[in-house]
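Below you'll find the structure, written out as structure tokens, and then a few comments.
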Amino acid sequence: MRTRRKAFSTAKVVAALLLIVIVMGVIYAGNHFFRLQGQREQEDKENAMVGSLVAAMEAGDVDGDEYKNMVSFFKGFKKEASFDYKRKYENLYVENDFNFKEPQEKTCYLTFDDGPDNYVTPQVLDTLKKYNVKATFFTIYNGSEQGTELYKRIVREGHTIAAHTYTHDYTKVYESVDSYLDDFDKISSHIEKTTGVKPEIFRFPGGSINYFNASLYRQISGEMIRRGYVYYDWNISAEDAVRAGVSAADITRYALSGDSSMQKKIVLMHDGPGHRNTAEALPGIIEGLAKQGYKFAPLTKEVMPVVFS
Ligand SMILES: [Zn+2]
């Protein structure tokens with residue numbers, strides 16, 4: 001009898017413990033469920049904001065109050081953001097009040113992607129110096145001794161040093177928002193370490209909307225804007241990278257082909273490996289644009305961006 005009662009009370013204790021475990025499990029699962037639901041709602045809200053922000057940029061309506069409200073909305077998510085990548089890359093923030101200005105006079109912004117290249121970039125820099133023209137370099141990684149000197153020379157001679165990509169490997173760069181930020185972090189750190197200047201503007205490899213990032217570009221651009229960065233596409237292309245060996249004469253013709261009444265021209269060119277014809281075409285391009293009435297300036301984060309839609 002005594003042992004049976006003892007057995008009975010042991011069973012009661014076990015049952016009570018089990019019940020406690022089950023109740024705690026239910027509470028935990030419930031909490032987890034509601035937390036996930038809250039997180040999903042937050043993510044939906046952020047996605048919708050990214051969508052309207054990028055749509056506003058695409059429409060060219062980027063200096064309105066609505067845009068500023070959206071920017072401050074994104075900044076509020078700096079720490080408690082629901083996406084992991086927002087808590088990473090602590091160094092990738094730029095102070096920016098997004099007060100864009102349009103140039104008063106007809107202005108041309110010459111831009112060079114994919115350099116510095118040890119052969120092409122020095123020639124480009126020599127020409128710019130000769131004509132006293134300042135330009136913008138959207139750079140990739142070049143770890144050679146000459147490359148290191150070229151990043152510094154770009155800065156020393158008054159041009160804007162900007163970020164393009166570390167690897168230029170589309171499938172890797174555009175695999176996820178995180179991999180984009182990882183690549184950007186590498187080129188940004190390299191530029192800053194080499195020149196002492198932290199790049200504040202950038203250009204997406206392949207332009208802001210391309211075959212490789214179609215499903216991700218709104219999220220990536222929203223995240224970069226949230227961090228204070230401005231990106232620039234172009235409204236004139238010198239078509240120097242459409243195929244190998246485009247002649248200097250063709251490059252010049254393309255670069256000068258745009259409507260000469262445009263107030264602002266952002267010209268896409270390349271100073272990466274193999275682009276000797278671009279360097280060769282550059283004097284004619286500068287002279288031609290000057291004849292169309294343009295003055296030249298480097299891009300800064302105050303210049304209203306040209307963004308693809
Ligand atoms: Zn490129």
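Letters A, B, ... go to the chains of the structure tokens in the order shown; residues in each chain start at 1; ligands are counted from 1 in the same order.
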
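Environment of ligand 1, defined as every protein or nucleic acid residue with an atom within 7 Å of it and counting only C-alpha atoms and all ligand atoms, comprises Asp113, Asp114, His164, His168, Pro205 and Gly206 of chain A.
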
Export of the given selection (N, CA and C atoms) as a short mmCIF file (atom, residue, chain, number, x, y, z; two decimals), in the first residue's frame:
```cif
data_model
loop_
_atom_site.label_atom_id
_atom_site.label_comp_id
_atom_site.auth_asym_id
_atom_site.auth_seq_id
_atom_site.Cartn_x
_atom_site.Cartn_y
_atom_site.Cartn_z
N ASP A 113 34.17 53.78 -65.85
CA ASP A 113 33.95 52.56 -65.07
C ASP A 113 35.08 51.56 -65.29
N ASP A 114 35.22 50.66 -64.33
CA ASP A 114 36.05 49.44 -64.45
C ASP A 114 37.55 49.65 -64.32
N HIS A 164 32.61 51.06 -57.73
CA HIS A 164 31.86 50.31 -58.74
C HIS A 164 31.62 48.90 -58.18
N HIS A 168 33.34 42.53 -59.87
CA HIS A 168 32.62 42.66 -61.14
C HIS A 168 32.08 41.31 -61.62
N PRO A 205 27.37 47.63 -61.00
CA PRO A 205 27.89 46.92 -62.18
C PRO A 205 26.72 46.52 -63.08
N GLY A 206 26.82 46.91 -64.35
CA GLY A 206 25.74 46.62 -65.30
C GLY A 206 24.62 47.65 -65.25
#
```

Legend entry - For Glu200 (chain A): contacts at 10 Å, only C-alpha atoms, fewer than 6 positions along chain excluded, given as a ChimeraX atom specification: /A:92-96,160-163,188,228-231,300-301

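Among the candidate residues A:Ala238, A:Val120, A:Leu17, A:Val307, the one lying nearest to Phe204 (chain A) is A:Val307, with distances computed using only C-alpha atoms.
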
Near-Thr252 (chain A) list (9 Å; only C-alpha atoms; drop same-chain fewer than 2 positions) as an mmCIF file with N, CA and C atoms, in the first residue's frame:
```cif
data_model
loop_
_atom_site.group_PDB
_atom_site.id
_atom_site.type_symbol
_atom_site.label_atom_id
_atom_site.label_comp_id
_atom_site.auth_asym_id
_atom_site.auth_seq_id
_atom_site.Cartn_x
_atom_site.Cartn_y
_atom_site.Cartn_z
ATOM 1 N N ALA A 238 28.966 56.112 -74.322
ATOM 2 C CA ALA A 238 29.939 56.152 -75.413
ATOM 3 C C ALA A 238 30.003 54.801 -76.129
ATOM 4 N N SER A 247 35.865 51.371 -82.417
ATOM 5 C CA SER A 247 36.914 52.326 -82.814
ATOM 6 C C SER A 247 36.762 53.647 -82.066
ATOM 7 N N ALA A 248 37.881 54.370 -81.976
ATOM 8 C CA ALA A 248 37.850 55.671 -81.303
ATOM 9 C C ALA A 248 36.866 56.612 -81.993
ATOM 10 N N ALA A 249 36.788 56.511 -83.312
ATOM 11 C CA ALA A 249 35.871 57.391 -84.055
ATOM 12 C C ALA A 249 34.419 57.096 -83.665
ATOM 13 N N ASP A 250 34.073 55.799 -83.535
ATOM 14 C CA ASP A 250 32.711 55.437 -83.141
ATOM 15 C C ASP A 250 32.408 55.886 -81.715
ATOM 16 N N TYR A 254 29.376 58.345 -80.639
ATOM 17 C CA TYR A 254 28.334 57.989 -79.665
ATOM 18 C C TYR A 254 28.303 58.984 -78.499
ATOM 19 N N ALA A 255 29.488 59.334 -78.020
ATOM 20 C CA ALA A 255 29.550 60.224 -76.849
ATOM 21 C C ALA A 255 28.970 61.600 -77.157
ATOM 22 N N LEU A 256 29.059 61.999 -78.427
ATOM 23 C CA LEU A 256 28.577 63.339 -78.807
ATOM 24 C C LEU A 256 27.166 63.315 -79.379
ATOM 25 N N SER A 257 26.566 62.130 -79.406
ATOM 26 C CA SER A 257 25.306 61.985 -80.139
ATOM 27 C C SER A 257 24.081 62.533 -79.408
ATOM 28 N N THR A 278 39.085 54.204 -75.919
ATOM 29 C CA THR A 278 38.371 55.243 -75.166
ATOM 30 C C THR A 278 39.335 56.370 -74.814
ATOM 31 N N ALA A 281 39.959 58.371 -77.773
ATOM 32 C CA ALA A 281 38.821 59.189 -78.201
ATOM 33 C C ALA A 281 38.594 60.403 -77.297
ATOM 34 N N LEU A 282 39.120 60.340 -76.091
ATOM 35 C CA LEU A 282 38.760 61.338 -75.078
ATOM 36 C C LEU A 282 38.991 62.805 -75.483
ATOM 37 N N GLY A 284 38.834 64.263 -78.376
ATOM 38 C CA GLY A 284 37.763 64.647 -79.304
ATOM 39 C C GLY A 284 36.422 64.782 -78.588
ATOM 40 N N ILE A 285 36.198 63.906 -77.619
ATOM 41 C CA ILE A 285 34.939 63.950 -76.855
ATOM 42 C C ILE A 285 34.859 65.241 -76.034
ATOM 43 N N GLY A 288 34.398 68.193 -78.386
ATOM 44 C CA GLY A 288 33.052 68.182 -78.964
ATOM 45 C C GLY A 288 32.001 68.651 -77.968
#
```

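Straight-line separation from CA of Gln263 (chain A) to CA of Thr107 (chain A): 6.3 Å.
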
Inset, instruction - Write out as a PyMOL selection string all residues of region 62-219 of chain A that DSSP puts in strand (DSSP E) for this structure's backbone. - result: chain A and resi 107-113+136-139+160-163+201-202

Would you save the residues from that selection as a short mmCIF file (atom, residue, chain, number, x, y, z; two decimals), in the first residue's frame, using N, CA and C atoms?
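result.cif written:
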```
data_model
loop_
_atom_site.label_atom_id
_atom_site.label_comp_id
_atom_site.auth_asym_id
_atom_site.auth_seq_id
_atom_site.Cartn_x
_atom_site.Cartn_y
_atom_site.Cartn_z
N THR A 107 25.92 71.24 -67.91
CA THR A 107 27.08 70.58 -67.32
C THR A 107 27.18 69.13 -67.78
N CYS A 108 28.41 68.72 -68.06
CA CYS A 108 28.66 67.34 -68.45
C CYS A 108 29.52 66.65 -67.39
N TYR A 109 29.07 65.48 -66.97
CA TYR A 109 29.82 64.69 -66.00
C TYR A 109 30.40 63.48 -66.73
N LEU A 110 31.71 63.53 -66.99
CA LEU A 110 32.35 62.37 -67.63
C LEU A 110 32.59 61.30 -66.57
N THR A 111 32.20 60.08 -66.86
CA THR A 111 32.41 59.00 -65.87
C THR A 111 33.13 57.82 -66.52
N PHE A 112 34.01 57.22 -65.73
CA PHE A 112 34.81 56.09 -66.21
C PHE A 112 34.62 54.89 -65.28
N ASP A 113 34.17 53.78 -65.85
CA ASP A 113 33.95 52.56 -65.07
C ASP A 113 35.08 51.56 -65.29
N THR A 136 34.77 61.61 -63.00
CA THR A 136 34.41 60.68 -61.93
C THR A 136 34.85 59.27 -62.32
N PHE A 137 35.49 58.59 -61.38
CA PHE A 137 35.97 57.22 -61.63
C PHE A 137 35.25 56.23 -60.74
N PHE A 138 34.44 55.36 -61.35
CA PHE A 138 33.77 54.29 -60.62
C PHE A 138 34.69 53.06 -60.68
N THR A 139 35.44 52.89 -59.60
CA THR A 139 36.58 51.96 -59.67
C THR A 139 36.27 50.54 -59.20
N THR A 160 36.57 62.76 -58.72
CA THR A 160 35.82 62.02 -57.69
C THR A 160 36.16 60.55 -57.79
N ILE A 161 36.58 59.98 -56.66
CA ILE A 161 36.80 58.54 -56.63
C ILE A 161 35.53 57.91 -56.07
N ALA A 162 34.97 56.99 -56.85
CA ALA A 162 33.69 56.39 -56.48
C ALA A 162 33.80 54.87 -56.58
N ALA A 163 32.82 54.18 -56.03
CA ALA A 163 32.88 52.72 -56.00
C ALA A 163 32.06 52.12 -57.15
N ILE A 201 29.51 57.92 -53.41
CA ILE A 201 28.59 57.61 -54.51
C ILE A 201 29.07 56.35 -55.21
N PHE A 202 28.18 55.73 -55.94
CA PHE A 202 28.59 54.48 -56.61
C PHE A 202 27.78 54.27 -57.88
#
```

Inset, instruction - List every residue of region 168-231 of chain A that DSSP, applied to the backbone of this structure, places in helix (DSSP H, G or I), and write the result as a PyMOL selection string. - result: chain A and resi 170-173+177-195+217-226

Save the residues we just selected, N, CA and C atoms, as a short mmCIF file (atom, residue, chain, number, x, y, z; two decimals), in the first residue's frame?
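Written file, selection27.cif:
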```cif
data_model
loop_
_atom_site.label_atom_id
_atom_site.label_comp_id
_atom_site.auth_asym_id
_atom_site.auth_seq_id
_atom_site.Cartn_x
_atom_site.Cartn_y
_atom_site.Cartn_z
N TYR A 170 29.01 39.36 -61.84
CA TYR A 170 27.58 39.62 -61.70
C TYR A 170 26.85 38.57 -60.86
N THR A 171 27.11 37.28 -61.15
CA THR A 171 26.34 36.25 -60.45
C THR A 171 26.65 36.26 -58.96
N LYS A 172 27.89 36.55 -58.62
CA LYS A 172 28.26 36.59 -57.20
C LYS A 172 27.71 37.85 -56.53
N VAL A 173 27.94 39.00 -57.19
CA VAL A 173 27.55 40.28 -56.61
C VAL A 173 26.04 40.35 -56.37
N VAL A 177 21.15 40.53 -51.27
CA VAL A 177 21.49 41.87 -50.79
C VAL A 177 22.78 41.79 -49.99
N ASP A 178 22.88 40.73 -49.19
CA ASP A 178 24.08 40.55 -48.37
C ASP A 178 25.34 40.44 -49.22
N SER A 179 25.29 39.65 -50.30
CA SER A 179 26.49 39.50 -51.11
C SER A 179 26.81 40.80 -51.84
N TYR A 180 25.77 41.59 -52.19
CA TYR A 180 26.04 42.90 -52.78
C TYR A 180 26.81 43.77 -51.79
N LEU A 181 26.31 43.82 -50.55
CA LEU A 181 26.94 44.66 -49.52
C LEU A 181 28.36 44.18 -49.22
N ASP A 182 28.55 42.87 -49.24
CA ASP A 182 29.86 42.31 -48.98
C ASP A 182 30.87 42.78 -50.04
N ASP A 183 30.45 42.70 -51.30
CA ASP A 183 31.31 43.15 -52.40
C ASP A 183 31.58 44.65 -52.30
N PHE A 184 30.52 45.41 -52.01
CA PHE A 184 30.66 46.87 -51.91
C PHE A 184 31.60 47.25 -50.77
N ASP A 185 31.45 46.55 -49.66
CA ASP A 185 32.29 46.80 -48.49
C ASP A 185 33.77 46.62 -48.85
N LYS A 186 34.06 45.58 -49.65
CA LYS A 186 35.45 45.30 -50.01
C LYS A 186 36.05 46.40 -50.87
N ILE A 187 35.30 46.86 -51.89
CA ILE A 187 35.88 47.90 -52.75
C ILE A 187 35.94 49.23 -52.01
N SER A 188 34.92 49.51 -51.21
CA SER A 188 34.91 50.76 -50.45
C SER A 188 36.09 50.81 -49.48
N SER A 189 36.32 49.71 -48.76
CA SER A 189 37.45 49.67 -47.81
C SER A 189 38.77 49.81 -48.55
N HIS A 190 38.86 49.15 -49.71
CA HIS A 190 40.12 49.23 -50.46
C HIS A 190 40.41 50.66 -50.89
N ILE A 191 39.39 51.35 -51.39
CA ILE A 191 39.58 52.74 -51.82
C ILE A 191 39.97 53.62 -50.63
N GLU A 192 39.26 53.43 -49.53
CA GLU A 192 39.51 54.27 -48.35
C GLU A 192 40.91 54.02 -47.78
N LYS A 193 41.29 52.74 -47.75
CA LYS A 193 42.60 52.38 -47.20
C LYS A 193 43.71 52.97 -48.09
N THR A 194 43.49 52.95 -49.41
CA THR A 194 44.51 53.40 -50.35
C THR A 194 44.61 54.91 -50.43
N THR A 195 43.46 55.59 -50.40
CA THR A 195 43.46 57.04 -50.68
C THR A 195 43.12 57.89 -49.46
N TYR A 217 16.90 44.43 -57.30
CA TYR A 217 17.50 45.76 -57.34
C TYR A 217 16.78 46.78 -56.45
N ARG A 218 15.46 46.60 -56.28
CA ARG A 218 14.75 47.55 -55.41
C ARG A 218 15.23 47.43 -53.97
N GLN A 219 15.43 46.21 -53.54
CA GLN A 219 15.90 46.00 -52.18
C GLN A 219 17.32 46.52 -51.99
N ILE A 220 18.17 46.24 -53.01
CA ILE A 220 19.56 46.69 -52.89
C ILE A 220 19.63 48.22 -52.92
N SER A 221 18.91 48.85 -53.88
CA SER A 221 19.01 50.32 -53.93
C SER A 221 18.40 50.94 -52.68
N GLY A 222 17.28 50.37 -52.19
CA GLY A 222 16.68 50.90 -50.95
C GLY A 222 17.65 50.82 -49.79
N GLU A 223 18.35 49.71 -49.69
CA GLU A 223 19.29 49.53 -48.59
C GLU A 223 20.47 50.51 -48.70
N MET A 224 20.96 50.71 -49.93
CA MET A 224 22.08 51.63 -50.12
C MET A 224 21.67 53.07 -49.82
N ILE A 225 20.44 53.43 -50.21
CA ILE A 225 19.95 54.78 -49.93
C ILE A 225 19.78 54.95 -48.42
N ARG A 226 19.24 53.91 -47.77
CA ARG A 226 19.09 53.96 -46.32
C ARG A 226 20.42 54.25 -45.63
#
```

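Close contacts of Gly258 (chain A), defined as residues with an atom at most 9 Å away when counting only C-alpha atoms, with chain neighbours fewer than 5 positions off set aside, comprise Asn235, Ile236, Ser237 and Lys265 of chain A.
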
Output the selection as a PDB file, in the first residue's frame - C-alpha atoms for each residue.
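What ended up in selection_8.pdb:
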```
ATOM      1  CA  ASN A 235      21.970  59.353 -69.951  1.00  0.00           C
ATOM      2  CA  ILE A 236      24.708  59.173 -72.612  1.00  0.00           C
ATOM      3  CA  SER A 237      26.730  56.059 -73.406  1.00  0.00           C
ATOM      4  CA  LYS A 265      24.813  64.898 -69.322  1.00  0.00           C
TER       5      LYS A 265
END
```

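Nearest to Pro199 (chain A) of all the residues A:Ala16, A:Ala241, A:Val155, A:Ala135 is A:Val155, counting only C-alpha atoms.
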
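Shortest atom-to-atom contact with Ile154 (chain A) among A:Lys101, A:Pro298, A:Ser176, A:Met24: A:Pro298, counting only C-alpha atoms.
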
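The space between CA of Arg87 (chain A) and CA of Ala214 (chain A) spans 24.1 Å.
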
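With CA of Gln104 (chain A) on one side and CA of Ala290 (chain A) on the other, the separation reads 16.0 Å.
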
Can you tell me, as a PDB file with C-alpha atoms, in the first residue's frame, what residues are no more than 8 Å from Val303 (chain A) when counting only C-alpha atoms, ignoring any on the same chain fewer than 5 positions away?
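Generated file (around-v8.pdb):
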```pdb
ATOM      1  CA  PHE A 100      20.097  67.431 -54.518  1.00  0.00           C
ATOM      2  CA  LYS A 101      20.754  70.328 -56.867  1.00  0.00           C
ATOM      3  CA  GLU A 102      20.490  70.628 -60.614  1.00  0.00           C
ATOM      4  CA  PRO A 103      23.425  72.448 -62.303  1.00  0.00           C
TER       5      PRO A 103
END
```

Inset, instruction - Give me the residues within 8 Å of Phe308 (chain A) as a PyMOL selection string, counting only C-alpha atoms and dropping any in the same chain fewer than 4 places off. - result: chain A and resi 58+207-209+233

Legend entry - Who sits within 12 Å of Arg156 (chain A), only C-alpha atoms, same chain under 4 positions skipped, as a PyMOL selection string: chain A and resi 125+129+134+149-152+160-161+195-197
